[in-house]
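K.L.:
Next comes entry_25.cif, mmCIF, C-alpha atoms:
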data_final
loop_
_atom_site.group_PDB
_atom_site.id
_atom_site.type_symbol
_atom_site.label_atom_id
_atom_site.label_comp_id
_atom_site.auth_asym_id
_atom_site.auth_seq_id
_atom_site.Cartn_x
_atom_site.Cartn_y
_atom_site.Cartn_z
ATOM 1 C CA MET A 8 17.024 31.154 1.487
ATOM 2 C CA GLU A 9 15.229 28.048 2.671
ATOM 3 C CA GLY A 10 17.906 25.905 1.052
ATOM 4 C CA VAL A 11 20.588 27.762 3.047
ATOM 5 C CA THR A 12 18.647 27.229 6.267
ATOM 6 C CA TYR A 13 18.297 23.512 5.619
ATOM 7 C CA ALA A 14 21.951 23.241 4.643
ATOM 8 C CA LEU A 15 22.966 24.946 7.912
ATOM 9 C CA VAL A 16 20.711 22.690 9.961
ATOM 10 C CA LEU A 17 22.102 19.663 8.127
ATOM 11 C CA GLY A 18 25.624 20.876 8.905
ATOM 12 C CA VAL A 19 24.817 21.126 12.609
ATOM 13 C CA GLY A 20 23.323 17.622 12.497
ATOM 14 C CA VAL A 21 26.384 16.164 10.769
ATOM 15 C CA VAL A 22 28.684 17.750 13.365
ATOM 16 C CA GLY A 23 26.422 16.291 16.081
ATOM 17 C CA ILE A 24 26.669 12.827 14.519
ATOM 18 C CA ALA A 25 30.458 13.066 14.391
ATOM 19 C CA ALA A 26 30.650 14.351 17.992
ATOM 20 C CA SER A 27 28.446 11.496 19.256
ATOM 21 C CA LEU A 28 30.429 8.850 17.384
ATOM 22 C CA VAL A 29 33.787 10.230 18.531
ATOM 23 C CA ALA A 30 32.552 10.263 22.155
ATOM 24 C CA ALA A 31 31.269 6.674 21.804
ATOM 25 C CA LEU A 32 34.591 5.508 20.352
ATOM 26 C CA ARG A 33 36.541 7.203 23.153
ATOM 27 C CA LEU A 34 34.409 5.410 25.749
ATOM 28 C CA LEU A 35 34.813 2.049 23.987
ATOM 29 C CA ASN A 36 38.544 2.598 23.766
ATOM 30 C CA VAL A 37 38.813 3.160 27.532
ATOM 31 C CA ASN A 38 36.395 0.310 28.213
ATOM 32 C CA ARG A 39 38.738 -2.092 26.424
ATOM 33 C CA LEU A 40 41.369 -1.202 29.007
ATOM 34 C CA ILE A 41 39.343 -1.230 32.215
ATOM 35 C CA GLY A 42 36.219 -3.285 31.426
ATOM 36 C CA ASP A 43 33.485 -1.010 32.834
ATOM 37 C CA ARG A 44 30.085 -2.022 31.464
ATOM 38 C CA GLY A 45 28.733 1.466 32.221
ATOM 39 C CA LEU A 46 31.118 2.793 29.584
ATOM 40 C CA THR A 47 29.939 0.165 27.092
ATOM 41 C CA LEU A 48 26.293 1.037 27.658
ATOM 42 C CA GLU A 49 26.993 4.752 27.389
ATOM 43 C CA ALA A 50 28.883 4.161 24.148
ATOM 44 C CA VAL A 51 25.895 2.193 22.811
ATOM 45 C CA SER A 52 23.580 5.027 23.873
ATOM 46 C CA LEU A 53 25.731 7.607 22.076
ATOM 47 C CA ALA A 54 25.950 5.417 18.970
ATOM 48 C CA LEU A 55 22.162 5.042 18.929
ATOM 49 C CA TYR A 56 21.841 8.799 19.314
ATOM 50 C CA ALA A 57 24.156 9.237 16.331
ATOM 51 C CA VAL A 58 22.065 6.763 14.300
ATOM 52 C CA ALA A 59 18.884 8.689 15.141
ATOM 53 C CA LEU A 60 20.553 11.952 14.103
ATOM 54 C CA ALA A 61 21.749 10.264 10.915
ATOM 55 C CA VAL A 62 18.210 9.125 10.030
ATOM 56 C CA GLU A 63 16.996 12.723 10.310
ATOM 57 C CA ALA A 64 20.060 14.100 8.523
ATOM 58 C CA ALA A 65 19.685 11.665 5.625
ATOM 59 C CA SER A 66 16.116 12.742 5.084
ATOM 60 C CA LEU A 67 17.107 16.405 5.310
ATOM 61 C CA ALA A 68 19.896 15.824 2.782
ATOM 62 C CA ALA A 69 17.423 14.128 0.424
ATOM 63 C CA SER A 70 15.101 17.118 0.818
ATOM 64 C CA LEU A 71 17.939 19.470 -0.064
ATOM 65 C CA VAL A 72 18.749 17.529 -3.215
ATOM 66 C CA SER A 73 15.152 17.408 -4.362
ATOM 67 C CA GLY A 74 14.310 20.975 -3.297
ATOM 68 C CA PRO A 75 12.919 22.460 -0.069
ATOM 69 C CA PRO A 76 10.562 20.215 1.888
ATOM 70 C CA SER A 77 6.956 20.596 0.857
ATOM 71 C CA TRP A 78 6.007 21.710 4.360
ATOM 72 C CA ALA A 79 8.418 24.641 4.302
ATOM 73 C CA PRO A 80 6.975 27.711 6.053
ATOM 74 C CA GLY A 81 4.933 29.897 3.763
ATOM 75 C CA ARG A 82 4.717 27.388 0.964
ATOM 76 C CA PHE A 83 1.231 26.184 1.806
ATOM 77 C CA HIS A 84 -1.719 27.507 3.649
ATOM 78 C CA ARG A 85 -1.858 25.846 7.056
ATOM 79 C CA GLU A 86 -5.080 24.043 6.203
ATOM 80 C CA VAL A 87 -3.605 22.596 3.021
ATOM 81 C CA PHE A 88 -0.506 21.588 4.927
ATOM 82 C CA MET A 89 -2.605 19.815 7.549
ATOM 83 C CA ARG A 90 -4.854 18.108 4.986
ATOM 84 C CA HIS A 91 -2.416 16.928 2.370
ATOM 85 C CA GLU A 92 1.143 17.147 3.561
ATOM 86 C CA LEU A 93 1.344 16.133 7.174
ATOM 87 C CA SER A 94 1.131 12.379 6.750
ATOM 88 C CA GLY A 95 3.374 12.068 3.722
ATOM 89 C CA THR A 96 6.341 14.312 4.446
ATOM 90 C CA PRO A 97 9.529 12.219 4.269
ATOM 91 C CA LEU A 98 11.322 14.432 6.793
ATOM 92 C CA LEU A 99 8.481 14.122 9.283
ATOM 93 C CA GLN A 100 8.421 10.359 8.787
ATOM 94 C CA ALA A 101 12.183 10.185 9.273
ATOM 95 C CA SER A 102 11.919 12.245 12.466
ATOM 96 C CA LEU A 103 9.232 9.920 13.762
ATOM 97 C CA LEU A 104 11.404 6.896 13.013
ATOM 98 C CA ALA A 105 14.357 8.631 14.665
ATOM 99 C CA GLY A 106 12.141 9.371 17.667
ATOM 100 C CA TYR A 107 11.957 5.680 18.530
ATOM 101 C CA ILE A 108 15.720 5.391 18.276
ATOM 102 C CA TYR A 109 16.160 8.472 20.521
ATOM 103 C CA VAL A 110 13.881 6.905 23.137
ATOM 104 C CA VAL A 111 15.957 3.705 23.129
ATOM 105 C CA ALA A 112 19.151 5.789 23.327
ATOM 106 C CA TYR A 113 17.828 7.692 26.372
ATOM 107 C CA ALA A 114 16.722 4.438 28.017
ATOM 108 C CA VAL A 115 20.169 2.898 27.528
ATOM 109 C CA HIS A 116 21.719 6.112 28.910
ATOM 110 C CA ALA A 117 19.541 5.826 32.016
ATOM 111 C CA VAL A 118 20.474 2.148 32.424
ATOM 112 C CA SER A 119 24.118 3.067 32.091
ATOM 113 C CA LEU A 120 23.781 5.707 34.815
ATOM 114 C CA TYR A 121 22.139 3.143 37.078
ATOM 115 C CA THR A 122 24.840 0.549 36.557
ATOM 116 C CA SER A 123 27.633 3.054 37.016
ATOM 117 C CA MET A 124 26.376 4.809 40.110
ATOM 118 C CA ASN A 125 25.901 2.047 42.592
ATOM 119 C CA PRO A 126 26.851 2.742 46.172
ATOM 120 C CA GLU A 127 30.417 1.585 46.612
ATOM 121 C CA LYS A 128 29.580 -0.802 49.423
ATOM 122 C CA GLN A 129 26.882 -2.629 47.511
ATOM 123 C CA PRO A 130 27.502 -5.189 44.793
ATOM 124 C CA LEU A 131 26.387 -4.261 41.289
ATOM 125 C CA LEU A 132 22.866 -5.277 40.393
ATOM 126 C CA PRO A 133 22.510 -7.711 37.531
ATOM 127 C CA VAL A 134 22.128 -5.664 34.380
ATOM 128 C CA LEU A 135 18.789 -7.313 33.521
ATOM 129 C CA ALA A 136 17.371 -6.192 36.863
ATOM 130 C CA VAL A 137 18.529 -2.670 36.174
ATOM 131 C CA ILE A 138 17.041 -2.688 32.674
ATOM 132 C CA TYR A 139 13.752 -4.055 34.049
ATOM 133 C CA THR A 140 13.614 -1.265 36.622
ATOM 134 C CA ASP A 141 14.523 1.292 34.026
ATOM 135 C CA TYR A 142 11.836 0.138 31.619
ATOM 136 C CA ASN A 143 9.271 0.399 34.412
ATOM 137 C CA ILE A 144 10.334 3.928 35.302
ATOM 138 C CA ILE A 145 10.072 5.036 31.666
ATOM 139 C CA ALA A 146 6.681 3.345 31.289
ATOM 140 C CA LEU A 147 5.552 4.937 34.560
ATOM 141 C CA MET A 148 6.489 8.388 33.322
ATOM 142 C CA LEU A 149 4.485 7.894 30.122
ATOM 143 C CA VAL A 150 1.443 6.581 31.982
ATOM 144 C CA ALA A 151 1.731 9.336 34.595
ATOM 145 C CA VAL A 152 1.668 11.997 31.869
ATOM 146 C CA THR A 153 -1.368 10.315 30.286
ATOM 147 C CA LEU A 154 -3.063 10.114 33.666
ATOM 148 C CA TYR A 155 -2.361 13.785 34.335
ATOM 149 C CA MET A 156 -3.859 14.725 30.952
ATOM 150 C CA LEU A 157 -6.916 12.584 31.634
ATOM 151 C CA VAL A 158 -7.525 14.198 35.005
ATOM 152 C CA ALA A 159 -6.472 17.791 34.353
ATOM 153 C CA VAL A 160 -7.392 18.303 30.711
ATOM 154 C CA TYR A 161 -9.936 15.755 29.557
ATOM 155 C CA LYS A 162 -11.751 15.366 32.892
ATOM 156 C CA ALA A 163 -12.023 11.668 32.133
ATOM 157 C CA SER A 164 -14.321 9.193 33.862
ATOM 158 C CA ARG A 165 -13.453 7.555 37.147
ATOM 159 C CA GLN A 166 -13.091 4.221 35.344
ATOM 160 C CA ALA A 167 -10.566 5.692 32.955
ATOM 161 C CA VAL A 168 -8.582 7.086 35.873
ATOM 162 C CA SER A 169 -8.760 3.732 37.689
ATOM 163 C CA TYR A 170 -7.627 1.866 34.574
ATOM 164 C CA HIS A 171 -4.604 4.099 34.095
ATOM 165 C CA SER A 172 -3.885 4.210 37.826
ATOM 166 C CA LEU A 173 -3.671 0.416 37.908
ATOM 167 C CA ILE A 174 -1.269 0.403 34.989
ATOM 168 C CA ALA A 175 0.787 3.115 36.713
ATOM 169 C CA ALA A 176 0.730 1.081 39.944
ATOM 170 C CA SER A 177 1.964 -1.983 38.062
ATOM 171 C CA HIS A 178 4.984 -0.024 36.879
ATOM 172 C CA VAL A 179 5.592 1.439 40.342
ATOM 173 C CA VAL A 180 5.740 -2.146 41.654
ATOM 174 C CA GLY A 181 8.032 -3.104 38.774
ATOM 175 C CA ALA A 182 10.345 -0.202 39.527
ATOM 176 C CA VAL A 183 10.764 -1.458 43.100
ATOM 177 C CA TYR A 184 12.541 -4.549 41.722
ATOM 178 C CA ALA A 185 15.985 -2.915 41.910
ATOM 179 C CA ALA A 186 15.556 -2.450 45.672
ATOM 180 C CA LEU A 187 13.590 -5.690 46.245
ATOM 181 C CA PRO A 188 14.746 -8.202 43.650
ATOM 182 C CA SER A 189 12.092 -10.881 44.117
ATOM 183 C CA THR A 190 10.080 -12.844 41.558
ATOM 184 C CA LEU A 191 6.984 -11.834 43.543
ATOM 185 C CA VAL A 192 7.559 -8.226 42.515
ATOM 186 C CA ILE A 193 7.536 -9.180 38.821
ATOM 187 C CA LEU A 194 4.419 -11.318 39.353
ATOM 188 C CA ALA A 195 2.623 -8.534 41.224
ATOM 189 C CA SER A 196 3.508 -6.034 38.516
ATOM 190 C CA PHE A 197 2.217 -8.383 35.822
ATOM 191 C CA ALA A 198 -0.968 -9.146 37.800
ATOM 192 C CA LEU A 199 -1.796 -5.449 38.134
ATOM 193 C CA ARG A 200 -1.392 -4.980 34.390
ATOM 194 C CA GLY A 201 -3.649 -8.000 33.879
ATOM 195 C CA ILE A 202 -6.348 -6.609 36.169
ATOM 196 C CA ALA A 203 -6.399 -3.183 34.494
ATOM 197 C CA PRO A 204 -8.256 -4.193 31.273
ATOM 198 C CA ILE A 205 -10.782 -6.164 33.329
ATOM 199 C CA LEU A 206 -11.912 -2.798 34.700
ATOM 200 C CA LEU A 207 -12.952 -1.857 31.163
ATOM 201 C CA HIS A 208 -15.682 -4.513 31.310
ATOM 202 C CA LEU A 209 -17.055 -3.847 34.786
ATOM 203 C CA PRO A 210 -20.612 -2.571 34.846
ATOM 204 C CA GLY A 211 -20.866 1.079 35.733
ATOM 205 C CA ARG A 212 -23.068 4.130 35.303
ATOM 206 C CA ARG A 213 -22.543 5.761 31.941
ATOM 207 C CA GLY A 214 -20.719 9.041 32.251
ATOM 208 C CA THR A 215 -19.790 8.552 35.897
ATOM 209 C CA PRO A 216 -17.557 11.476 36.771
ATOM 210 C CA MET B 5 25.378 11.011 55.962
ATOM 211 C CA ARG B 6 24.963 11.454 52.246
ATOM 212 C CA ARG B 7 26.117 8.394 50.329
ATOM 213 C CA ARG B 8 28.837 8.955 47.791
ATOM 214 C CA TYR B 9 28.226 7.520 44.357
ATOM 215 C CA ARG B 10 31.107 6.794 42.063
ATOM 216 C CA SER B 11 31.295 4.757 38.887
ATOM 217 C CA SER B 12 33.714 1.837 38.767
ATOM 218 C CA ALA B 13 35.553 3.736 36.018
ATOM 219 C CA GLY B 14 35.876 6.607 38.497
ATOM 220 C CA ILE B 15 37.199 4.280 41.186
ATOM 221 C CA ILE B 16 39.793 2.843 38.801
ATOM 222 C CA HIS B 17 40.744 6.399 37.817
ATOM 223 C CA ASP B 18 41.287 7.304 41.476
ATOM 224 C CA ILE B 19 43.328 4.168 42.230
ATOM 225 C CA LEU B 20 45.595 4.674 39.230
ATOM 226 C CA GLU B 21 45.955 8.377 40.047
ATOM 227 C CA VAL B 22 47.007 7.648 43.623
ATOM 228 C CA LEU B 23 49.553 5.067 42.508
ATOM 229 C CA LEU B 24 50.959 7.324 39.801
ATOM 230 C CA ARG B 25 51.263 10.196 42.275
ATOM 231 C CA GLU B 26 52.640 8.273 45.234
ATOM 232 C CA GLY B 27 54.550 5.471 43.490
ATOM 233 C CA GLU B 28 54.444 2.063 45.191
ATOM 234 C CA LEU B 29 51.924 1.698 47.977
ATOM 235 C CA PRO B 30 50.440 -1.044 50.162
ATOM 236 C CA ALA B 31 46.709 -1.713 49.758
ATOM 237 C CA THR B 32 45.832 -0.073 53.078
ATOM 238 C CA ARG B 33 47.347 3.250 51.986
ATOM 239 C CA ILE B 34 45.688 3.072 48.563
ATOM 240 C CA ALA B 35 42.334 2.477 50.272
ATOM 241 C CA GLN B 36 42.953 5.530 52.419
ATOM 242 C CA TYR B 37 43.965 7.797 49.547
ATOM 243 C CA ALA B 38 41.263 6.539 47.151
ATOM 244 C CA ASN B 39 38.597 6.671 49.886
ATOM 245 C CA LEU B 40 37.547 3.057 49.410
ATOM 246 C CA PRO B 41 36.683 0.225 51.818
ATOM 247 C CA TYR B 42 39.595 -2.201 52.027
ATOM 248 C CA ASP B 43 37.679 -5.263 50.758
ATOM 249 C CA ARG B 44 36.332 -3.348 47.762
ATOM 250 C CA LEU B 45 39.784 -2.016 46.991
ATOM 251 C CA LYS B 46 41.276 -5.534 47.110
ATOM 252 C CA ALA B 47 38.672 -6.725 44.599
ATOM 253 C CA MET B 48 39.432 -3.768 42.325
ATOM 254 C CA LEU B 49 43.204 -4.331 42.603
ATOM 255 C CA GLU B 50 42.753 -7.991 41.625
ATOM 256 C CA LYS B 51 40.742 -6.895 38.592
ATOM 257 C CA LEU B 52 43.361 -4.286 37.647
ATOM 258 C CA GLU B 53 46.123 -6.846 38.060
ATOM 259 C CA GLU B 54 44.291 -9.274 35.773
ATOM 260 C CA GLU B 55 43.988 -6.511 33.178
ATOM 261 C CA GLY B 56 47.717 -5.786 33.518
ATOM 262 C CA LEU B 57 47.178 -2.221 34.720
ATOM 263 C CA VAL B 58 48.865 -2.674 38.104
ATOM 264 C CA GLU B 59 51.458 -5.108 39.394
ATOM 265 C CA ARG B 60 52.550 -6.078 42.866
ATOM 266 C CA ARG B 61 55.760 -7.137 44.528
ATOM 267 C CA GLU B 62 56.659 -8.327 47.973
ATOM 268 C CA GLU B 63 59.084 -6.343 50.106
ATOM 269 C CA GLU B 64 59.922 -7.182 53.706
ATOM 270 C CA GLY B 65 56.681 -9.092 54.099
ATOM 271 C CA LYS B 66 54.607 -6.252 52.652
ATOM 272 C CA THR B 67 52.738 -6.318 49.354
ATOM 273 C CA LEU B 68 53.273 -3.147 47.337
ATOM 274 C CA TYR B 69 51.307 -2.146 44.246
ATOM 275 C CA ARG B 70 52.421 0.032 41.371
ATOM 276 C CA VAL B 71 51.090 1.092 37.989
ATOM 277 C CA THR B 72 52.369 -0.683 34.857
ATOM 278 C CA ARG B 73 53.080 1.117 31.588
ATOM 279 C CA LYS B 74 49.735 -0.141 30.286
ATOM 280 C CA GLY B 75 48.115 1.232 33.460
ATOM 281 C CA ALA B 76 49.714 4.641 32.920
ATOM 282 C CA GLU B 77 48.379 4.741 29.360
ATOM 283 C CA ALA B 78 44.959 3.657 30.600
ATOM 284 C CA TYR B 79 45.020 6.458 33.173
ATOM 285 C CA GLN B 80 45.739 9.077 30.497
ATOM 286 C CA LYS B 81 42.780 7.877 28.423
ATOM 287 C CA LEU B 82 40.557 7.511 31.472
ATOM 288 C CA HIS B 83 41.412 11.017 32.627
ATOM 289 C CA ALA B 84 40.485 12.374 29.180
ATOM 290 C CA VAL B 85 37.171 10.518 29.325
ATOM 291 C CA LYS B 86 36.454 11.868 32.820
ATOM 292 C CA VAL B 87 35.327 15.279 31.536
ATOM 293 C CA LEU B 88 33.134 13.656 28.908
ATOM 294 C CA MET B 89 31.511 11.332 31.445
ATOM 295 C CA GLU B 90 30.872 14.150 33.923
ATOM 296 C CA ARG B 91 29.149 16.109 31.158
ATOM 297 C CA LEU B 92 26.972 13.073 30.497
ATOM 298 C CA GLY B 93 25.896 13.060 34.144
ATOM 299 C CA TYR B 94 28.313 10.573 35.678
ATOM 300 C CA LYS B 95 30.171 11.016 38.930
ATOM 301 C CA PHE B 96 33.867 10.359 38.804
#
Written as structure tokens, that's how I'd like the structure from this file.
P.N.:
Amino acid sequence: MEGVTYALVLGVGVVGIAASLVAALRLLNVNRLIGDRGLTLEAVSLALYAVALAVEAASLAASLVSGPPSWAPGRFHREVFMRHELSGTPLLQASLLAGYIYVVAYAVHAVSLYTSMNPEKQPLLPVLAVIYTDYNIIALMLVAVTLYMLVAVYKASRQAVSYHSLIAASHVVGAVYAALPSTLVILASFALRGIAPILLHLPGRRGTP
Amino acid sequence: MRRRYRSSAGIIHDILEVLLREGELPATRIAQYANLPYDRLKAMLEKLEEEGLVERREEEGKTLYRVTRKGAEAYQKLHAVKVLMERLGYKF
């Protein structure tokens, strides 16, 4: 039964890979005719997405050939699973590897949206500026989530909040670059990131709330 | 007023569509139909001409633009991609 489940999931994944690749090829085909870099970037994003799916699918296929994955539901007691299986499962490792590729694919997708949706009256921003802004927005989201966890869940120290707030501020400044493309913005963003670890060494009361 | 966002692929789609529907047109009329500022349209028409998707001819002192065969083929493919791009979050 588990084998059937994995075969079905693999089938869905393979169809997804094909759909992504076909979409990417269609975009590239049109891009050859009209030369829109947004289409190129979107095609790259879809191709990366297909690669990430393929990494997961390959691992799933290998699992099918060699029997159901060792972490299959019901096979182990949860404690055993946590102790012995979690770190070594090939499928989990493949999904983690694919995760990085997915993140890059989403980032390229966001960049593509930026480059393709400029106001008609404004000239297109240089693609590097757009990528820089995009990277800062993604980094800001990650730091913001961490900051939220620190404040709402872990009730972290004021220093910890300040440290992460400075890093978040550095990425806010970086994200402004698309609207204010000045070297000063990049310098300010870098300076804030440089100041943040200095806070780790400032004297302070232990356990300050 | 809310700003309208449109990808350059979308703009090219609209220009080709107008020309295929109306036949030969001067740039001012294309700008009107495609809802584009004249200077931006001129830049796009130059690009499309370089790519061989549109061509122009002079008639009684007026410059008229029309879609080439390559442009018509490009429009068909672009129109097919439109649905895909809209599903990916793009505005056409």
K.L.:
On this structure, the PyMOL selection byres ((chain B) within 10 of (chain A)) would catch which residues? List them as JSON, numbers by chain, sorted by chain and number.
P.N.:
{"B": [7, 8, 9, 10, 11, 12, 13, 14, 15, 16, 17, 40, 41, 43, 44, 51, 52, 55, 56, 57, 74, 75, 77, 78, 79, 80, 81, 82, 83, 84, 85, 86, 88, 89, 92, 93, 94, 95, 96]}
K.L.:
Measuring atom to atom with all atoms listed in the file, identify which of A:Ala68, A:Leu28, A:Ala175, A:Ala195 is nearest to Leu149 of chain A.
P.N.:
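Nearest to Leu149 of chain A: A:Ala175.
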K.L.:
Give me the result of the PyMOL selection byres ((chain B and resi 49) around 9) on this file, residue by residue, as a list in words.
P.N.:
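Checking the PyMOL selection byres ((chain B and resi 49) around 9) against this file, the residues are Ile16, Ile19, Ala31, Arg44, Leu45, Lys46, Ala47, Met48, Glu50, Lys51, Leu52, Glu53, Glu54, Val58, Glu59 and Tyr69 of chain B.
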K.L.:
Select, from B:Leu20, B:Ala76, B:Ala38, B:Leu29, the residue with the minimum atom-to-atom distance to Glu63 of chain B, counting all atoms listed in the file.
P.N.:
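For Glu63 of chain B, the nearest of the given residues is B:Leu29.
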K.L.:
What's the 8 Å shell around segment 136-140 of chain A, counting all atoms listed in the file, without same-chain residues fewer than 5 positions away, as a JSON list (two decimals) with C-alpha atoms, in the coordinates of the input?
P.N.:
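part-v2.json, freshly written:
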[["chain", "number", "residue", "atom", "x", "y", "z"],
["A", 118, "VAL", "CA", 20.47, 2.15, 32.42],
["A", 121, "TYR", "CA", 22.14, 3.14, 37.08],
["A", 122, "THR", "CA", 24.84, 0.55, 36.56],
["A", 181, "GLY", "CA", 8.03, -3.10, 38.77],
["A", 182, "ALA", "CA", 10.34, -0.20, 39.53],
["A", 183, "VAL", "CA", 10.76, -1.46, 43.10],
["A", 184, "TYR", "CA", 12.54, -4.55, 41.72],
["A", 185, "ALA", "CA", 15.98, -2.92, 41.91],
["A", 188, "PRO", "CA", 14.75, -8.20, 43.65]]
K.L.:
Show which residues sit within 8 Å of segment 25-27 of chain B, as a list of chain:residue names. Count all atoms listed in the file, and ignore same-chain residues fewer than 2 positions away.
P.N.:
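So the residues in contact are B:Glu21, B:Val22, B:Leu23, B:Leu29, B:Arg70, B:Val71.
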K.L.:
One decimal, in Å: what's the spacing between atom CA of Leu53 of chain A and atom CA of Ala151 of chain A?
P.N.:
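These two atoms are separated by 27.1 Å.
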K.L.:
For atom CA of Thr190 of chain A and atom CA of Ser169 of chain A, quote the distance in Å rounded to one decimal.
P.N.:
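Between atom CA of Thr190 of chain A and atom CA of Ser169 of chain A the gap is 25.4 Å.
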K.L.:
Considering only C-alpha atoms, state which residue in the set A:Ser172, A:Thr96, A:Ser164, A:Ser177 is at the smallest distance from Ser66 of chain A.
P.N.:
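For Ser66 of chain A, the nearest of the candidates is A:Thr96.
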K.L.:
Just how far from atom CA of Val180 of chain A is atom CA of Tyr142 of chain A, in Å to one decimal?
P.N.:
12.0 Å
K.L.:
Apply the PyMOL selection byres ((chain A and resi 16-26) around 8) to the file shown and report the selected residues as an NGL selection string.
P.N.:
:A and (12-15 or 27-30 or 56-58 or 60-61 or 64 or 67-68)
K.L.:
Atoms to include: C-alpha atoms. Write the selected residues as a PDB file, in the coordinates of the input.
P.N.:
ATOM      1  CA  THR A  12      18.647  27.229   6.267  1.00  0.00           C
ATOM      2  CA  TYR A  13      18.297  23.512   5.619  1.00  0.00           C
ATOM      3  CA  ALA A  14      21.951  23.241   4.643  1.00  0.00           C
ATOM      4  CA  LEU A  15      22.966  24.946   7.912  1.00  0.00           C
ATOM      5  CA  SER A  27      28.446  11.496  19.256  1.00  0.00           C
ATOM      6  CA  LEU A  28      30.429   8.850  17.384  1.00  0.00           C
ATOM      7  CA  VAL A  29      33.787  10.230  18.531  1.00  0.00           C
ATOM      8  CA  ALA A  30      32.552  10.263  22.155  1.00  0.00           C
ATOM      9  CA  TYR A  56      21.841   8.799  19.314  1.00  0.00           C
ATOM     10  CA  ALA A  57      24.156   9.237  16.331  1.00  0.00           C
ATOM     11  CA  VAL A  58      22.065   6.763  14.300  1.00  0.00           C
ATOM     12  CA  LEU A  60      20.553  11.952  14.103  1.00  0.00           C
ATOM     13  CA  ALA A  61      21.749  10.264  10.915  1.00  0.00           C
ATOM     14  CA  ALA A  64      20.060  14.100   8.523  1.00  0.00           C
ATOM     15  CA  LEU A  67      17.107  16.405   5.310  1.00  0.00           C
ATOM     16  CA  ALA A  68      19.896  15.824   2.782  1.00  0.00           C
TER      17      ALA A  68
END
K.L.:
Hey, which of B:Tyr37, B:Glu28, B:Val87, B:Asp18 ends up closest to Thr67 of chain B? Count only C-alpha atoms.
P.N.:
B:Glu28
